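Enquirer: Just dropping this structure here.
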Amino acid sequence: MRLKGEHLIVTGGSMGIGEAVVIDGAQEGAKVSFFDIDVARGKALADRLNGEGFQVHFEEADVSKFDPFKAAFDKCVAKFGPVTVACSNAGRNSYADPVEYTEDEWHDFFSLDLKSSWYVAKLCLPEMRKAKKGSIVLISSIHGRMTFPNYFPYAAAKHGLIGLAKNLAVDEGKHGIRFNTVSPGFTLTPLLKSWLDSEPPSRAEAAMAAQPLGRMGEPSEIAKVVNFVLSSEASFMNGADLMVDGGLHSRFAS
Ligand SMILES: NC(=O)c1ccc[n+]([C@@H]2O[C@H](COP(=O)([O-])OP(=O)(O)OC[C@H]3O[C@@H](n4cnc5c(N)ncnc54)[C@H](O)[C@@H]3O)[C@@H](O)[C@H]2O)c1
């Protein structure tokens, strides 16, 4: 019960890593609010967890747009009280040629993969500053440290999240608020599966062959680390980037 008494919010909580953070957070004792554009999955997850006796609330929101996100956030605060811990997780992939990429594509993508994490901070910080306490985890990626060819928007956003968390860690530490990033490697979510399906089979085989543990990660293995970092057990962890990638970043390319 690491998160007993906390109100946890999670963006992109209907599936994948976000869903796992919602489930693990509820099991760790938190009241959990989550936001997603996938309404059917969000409602089904909240109904299932509430039926099991947990306290979970789902709000439909595109978290890349501030006004609808704030409106949904305010409803969660009205239900469960001030937010005390948060996981900014919603994100998608973007592979592109830097010449072909358009400004609209750039704005759409960065609004979600980078700007929505600032929105999480902007919404949570006023009450956290008053309480002199809070913990926020941004989900970056192994692409926050290294990357593949043709991934320039994704790598830029994920590097940006690590910088965002480090700076806010420095600024908000005086208020007792911690910011950290968790950077997953290959994690078996719908996002990863759709990427693997879009690539030639040899690409998936090469990705698997590179895994030091001989397998890819499960969303629950990322969620456990996120909720530990959110909890008071990680009370001196601030401005850190935790790579949870089965050791992938420790090996040479060949
Ligand atoms: N799966 C991996 O291997 C992996 C590796 C490193 C980092 N990540 C990061 O982890 C995070 C989650 O990835 P995942 O693999 O679970 O993805 P996923 O696609 O399986 O799930 C993402 C969730 O976010 C929601 N979402 C998308 N756009 C949204 C928006 N505008 N507003 C609100 N919700 C929105 C989706 O509906 C979905 O429920 C992302 O930030 C991703 O970059 C994933």
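Within each chain, counting starts at residue 1; across the structure tokens, chains are named A, B, ... in the order shown, with ligands numbered 1 upward in that order.
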Pick out the residues no farther than 7 Å from ligand 1, counting only C-alpha atoms and all ligand atoms, and list them as a VMD selection string.
Expert: chain A and resid 11 to 18 35 to 38 61 to 64 89 to 93 112 to 113 139 to 142 183 to 192
Enquirer: Using N, CA and C atoms, can you write the selected residues to a file as a short mmCIF file (atom, residue, chain, number, x, y, z; two decimals), in the first residue's frame?
Expert:
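Writing done, so here's selection_17.cif:
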```
data_model
loop_
_atom_site.label_atom_id
_atom_site.label_comp_id
_atom_site.auth_asym_id
_atom_site.auth_seq_id
_atom_site.Cartn_x
_atom_site.Cartn_y
_atom_site.Cartn_z
N THR A 11 -2.22 10.14 -17.32
CA THR A 11 -2.71 10.47 -18.67
C THR A 11 -2.49 9.26 -19.57
N GLY A 12 -3.44 9.05 -20.49
CA GLY A 12 -3.34 7.89 -21.38
C GLY A 12 -3.48 6.59 -20.61
N GLY A 13 -4.45 6.54 -19.71
CA GLY A 13 -4.57 5.39 -18.80
C GLY A 13 -5.46 4.26 -19.30
N SER A 14 -6.01 4.37 -20.51
CA SER A 14 -6.94 3.33 -20.96
C SER A 14 -6.25 2.05 -21.39
N MET A 15 -5.01 2.15 -21.85
CA MET A 15 -4.31 0.92 -22.26
C MET A 15 -2.81 1.07 -22.11
N GLY A 16 -2.12 -0.04 -22.31
CA GLY A 16 -0.66 -0.04 -22.31
C GLY A 16 -0.06 0.29 -20.94
N ILE A 17 1.02 1.06 -20.95
CA ILE A 17 1.73 1.39 -19.71
C ILE A 17 0.83 2.19 -18.77
N GLY A 18 0.06 3.14 -19.33
CA GLY A 18 -0.83 3.95 -18.49
C GLY A 18 -1.86 3.09 -17.76
N PHE A 35 -7.15 9.87 -17.62
CA PHE A 35 -7.66 10.60 -18.79
C PHE A 35 -7.27 9.84 -20.05
N ASP A 36 -8.17 9.82 -21.02
CA ASP A 36 -7.83 9.16 -22.28
C ASP A 36 -8.83 9.61 -23.35
N ILE A 37 -8.43 9.43 -24.62
CA ILE A 37 -9.37 9.66 -25.73
C ILE A 37 -10.11 8.38 -26.07
N ASP A 38 -9.65 7.24 -25.56
CA ASP A 38 -10.33 5.96 -25.81
C ASP A 38 -11.36 5.75 -24.70
N ALA A 61 -10.54 12.90 -22.12
CA ALA A 61 -9.85 14.17 -22.39
C ALA A 61 -8.70 13.94 -23.36
N ASP A 62 -8.60 14.86 -24.32
CA ASP A 62 -7.40 14.93 -25.15
C ASP A 62 -6.42 15.81 -24.38
N VAL A 63 -5.40 15.19 -23.79
CA VAL A 63 -4.53 15.94 -22.87
C VAL A 63 -3.54 16.83 -23.62
N SER A 64 -3.57 16.79 -24.94
CA SER A 64 -2.71 17.71 -25.70
C SER A 64 -3.36 19.09 -25.85
N ASN A 89 1.86 10.13 -19.00
CA ASN A 89 2.23 8.95 -19.79
C ASN A 89 1.80 9.01 -21.24
N ALA A 90 0.69 9.73 -21.54
CA ALA A 90 0.13 9.68 -22.90
C ALA A 90 1.19 10.08 -23.93
N GLY A 91 1.29 9.30 -24.98
CA GLY A 91 2.25 9.62 -26.03
C GLY A 91 2.04 8.69 -27.20
N ARG A 92 2.59 9.07 -28.33
CA ARG A 92 2.54 8.18 -29.49
C ARG A 92 3.86 8.28 -30.23
N ASN A 93 4.04 7.40 -31.22
CA ASN A 93 5.28 7.41 -31.99
C ASN A 93 5.22 8.45 -33.09
N LEU A 112 1.29 16.56 -27.82
CA LEU A 112 1.04 15.39 -26.97
C LEU A 112 2.32 14.95 -26.26
N ASP A 113 3.35 14.64 -27.03
CA ASP A 113 4.49 13.92 -26.45
C ASP A 113 5.38 14.80 -25.57
N ILE A 139 6.77 9.92 -18.40
CA ILE A 139 7.25 8.74 -19.10
C ILE A 139 8.02 9.18 -20.34
N SER A 140 9.34 9.02 -20.27
CA SER A 140 10.19 9.28 -21.43
C SER A 140 10.37 7.97 -22.18
N SER A 141 11.59 7.61 -22.52
CA SER A 141 11.84 6.41 -23.33
C SER A 141 13.33 6.20 -23.41
N ILE A 142 13.72 5.00 -23.82
CA ILE A 142 15.13 4.78 -24.17
C ILE A 142 15.54 5.78 -25.28
N SER A 183 12.10 5.78 -18.10
CA SER A 183 12.35 5.59 -19.54
C SER A 183 12.30 4.12 -19.90
N PRO A 184 11.16 3.67 -20.42
CA PRO A 184 11.05 2.25 -20.78
C PRO A 184 11.82 1.93 -22.04
N GLY A 185 12.24 0.65 -22.13
CA GLY A 185 12.68 0.09 -23.41
C GLY A 185 11.48 -0.57 -24.07
N PHE A 186 11.74 -1.61 -24.86
CA PHE A 186 10.65 -2.29 -25.59
C PHE A 186 9.66 -2.89 -24.58
N THR A 187 8.44 -2.40 -24.60
CA THR A 187 7.42 -2.85 -23.64
C THR A 187 6.19 -3.29 -24.43
N LEU A 188 5.69 -4.47 -24.10
CA LEU A 188 4.65 -5.10 -24.93
C LEU A 188 3.28 -4.48 -24.70
N THR A 189 3.06 -3.36 -25.38
CA THR A 189 1.79 -2.62 -25.32
C THR A 189 1.20 -2.59 -26.74
N PRO A 190 -0.06 -2.12 -26.88
CA PRO A 190 -0.61 -1.96 -28.23
C PRO A 190 0.26 -1.07 -29.12
N LEU A 191 0.88 -0.03 -28.55
CA LEU A 191 1.75 0.86 -29.34
C LEU A 191 2.93 0.09 -29.93
N LEU A 192 3.60 -0.70 -29.09
CA LEU A 192 4.76 -1.46 -29.58
C LEU A 192 4.31 -2.52 -30.58
#
```
Enquirer: DSSP says helix (DSSP H, G or I) for which residues of region 33-253 of chain A? Put them as a ChimeraX atom specification?
Expert: /A:39-51,66-80,103-131,142-144,152-175,190-198,201-209,219-230,232-234,248-250
Enquirer: Per residue of region 224-244 of chain A within 8 Å of region 154-166 of chain A, note the shortest atom pair and the distance in Å to one decimal, counting only C-alpha atoms, and order the rows by chain and increasing residue number, as a tab-separated table.
Expert:
```
residue	atom	partner	partner_atom	distance
A:Asn238	CA	A:Lys166	CA	7.9
A:Gly239	CA	A:Lys166	CA	4.4
A:Ala240	CA	A:Lys166	CA	7.2
A:Asp241	CA	A:Ile162	CA	6.9
```
Enquirer: Please, which residues in region 36-144 of chain A fall within 7 Å of region 218-232 of chain A when counting only C-alpha atoms, and what is the closest atom pair and distance in Å to one decimal for each, ordered by chain then residue number, as a Markdown table?
Expert:
```
| residue | atom | partner | partner_atom | distance |
| --- | --- | --- | --- | --- |
| A:Val85 | CA | A:Leu230 | CA | 6.3 |
| A:Ser135 | CA | A:Leu230 | CA | 5.3 |
| A:Ile136 | CA | A:Leu230 | CA | 6.5 |
| A:Val137 | CA | A:Val226 | CA | 6.8 |
```
Enquirer: Would you work out the distance separating CA of Asn167 (chain A) from CA of Val21 (chain A), expressed in Å to one decimal?
Expert: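 It comes out at 24.1 Å.
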Enquirer: Distance CA of Tyr151 (chain A)-CA of Phe109 (chain A), one decimal place?
Expert: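 For CA of Tyr151 (chain A) relative to CA of Phe109 (chain A), the distance reads 12.3 Å.
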Enquirer: Considering only C-alpha atoms, state which residue in the set A:Arg178, A:Lys122, A:His143, A:Lys31 is at the smallest distance from Lys70 (chain A).
Expert: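 When distances to Lys70 (chain A) are compared using only C-alpha atoms, the smallest one comes from A:Lys122.
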Enquirer: Just the strand (DSSP E or B) stuff from region 73-190 of chain A, please, per backbone DSSP, written as a ChimeraX atom specification.
Expert: /A:85-88,96,134-139,151,177-184,187
Enquirer: Counting only C-alpha atoms, what is within 12 Å of Val99 (chain A), bar same-chain residues fewer than 5 positions away, as a PyMOL selection string?
Expert: chain A and resi 106+150+152
Enquirer: With distances taken over only C-alpha atoms, which of A:Ser254, A:Asn180, A:Gln27, A:Asn50 is nearest to Ser88 (chain A)?
Expert: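 Using only C-alpha atoms, Ser88 (chain A) sits closest to A:Asn180.
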Enquirer: Residues at most 9 Å from Thr84 (chain A), counting only C-alpha atoms, excluding those fewer than 4 positions away in the same chain, as a VMD selection string?
Expert: chain A and resid 6 to 9 124 127 to 128 131 133 to 136
Enquirer: Let's have the selection written as a compact mmCIF listing (two decimals), in the first residue's frame, with N, CA and C atoms.
Expert:
```txt
# COMPACT_ATOMS: atom_id res chain seq x y z
N GLU A 6 -3.11 8.73 -1.27
CA GLU A 6 -2.76 9.63 -2.38
C GLU A 6 -3.90 9.69 -3.41
N HIS A 7 -3.96 10.81 -4.12
CA HIS A 7 -4.80 10.91 -5.32
C HIS A 7 -3.85 10.95 -6.51
N LEU A 8 -3.84 9.87 -7.26
CA LEU A 8 -2.95 9.70 -8.42
C LEU A 8 -3.72 10.03 -9.70
N ILE A 9 -3.13 10.85 -10.58
CA ILE A 9 -3.69 10.99 -11.93
C ILE A 9 -2.72 10.39 -12.95
N CYS A 124 -1.14 20.51 -11.67
CA CYS A 124 -0.93 19.91 -10.33
C CYS A 124 -0.19 20.83 -9.37
N GLU A 127 -1.74 23.24 -6.09
CA GLU A 127 -2.13 22.58 -4.83
C GLU A 127 -0.94 21.87 -4.19
N MET A 128 -0.05 21.31 -5.02
CA MET A 128 1.14 20.64 -4.45
C MET A 128 2.02 21.66 -3.71
N ALA A 131 0.52 22.32 -0.42
CA ALA A 131 0.69 21.17 0.49
C ALA A 131 2.16 20.96 0.85
N LYS A 133 4.26 19.31 -0.90
CA LYS A 133 4.48 17.88 -1.11
C LYS A 133 3.91 17.48 -2.47
N GLY A 134 4.59 16.59 -3.16
CA GLY A 134 4.07 16.07 -4.41
C GLY A 134 5.15 15.30 -5.15
N SER A 135 4.72 14.43 -6.06
CA SER A 135 5.68 13.67 -6.86
C SER A 135 5.08 13.45 -8.24
N ILE A 136 5.86 13.78 -9.27
CA ILE A 136 5.37 13.65 -10.65
C ILE A 136 6.40 12.87 -11.47
```
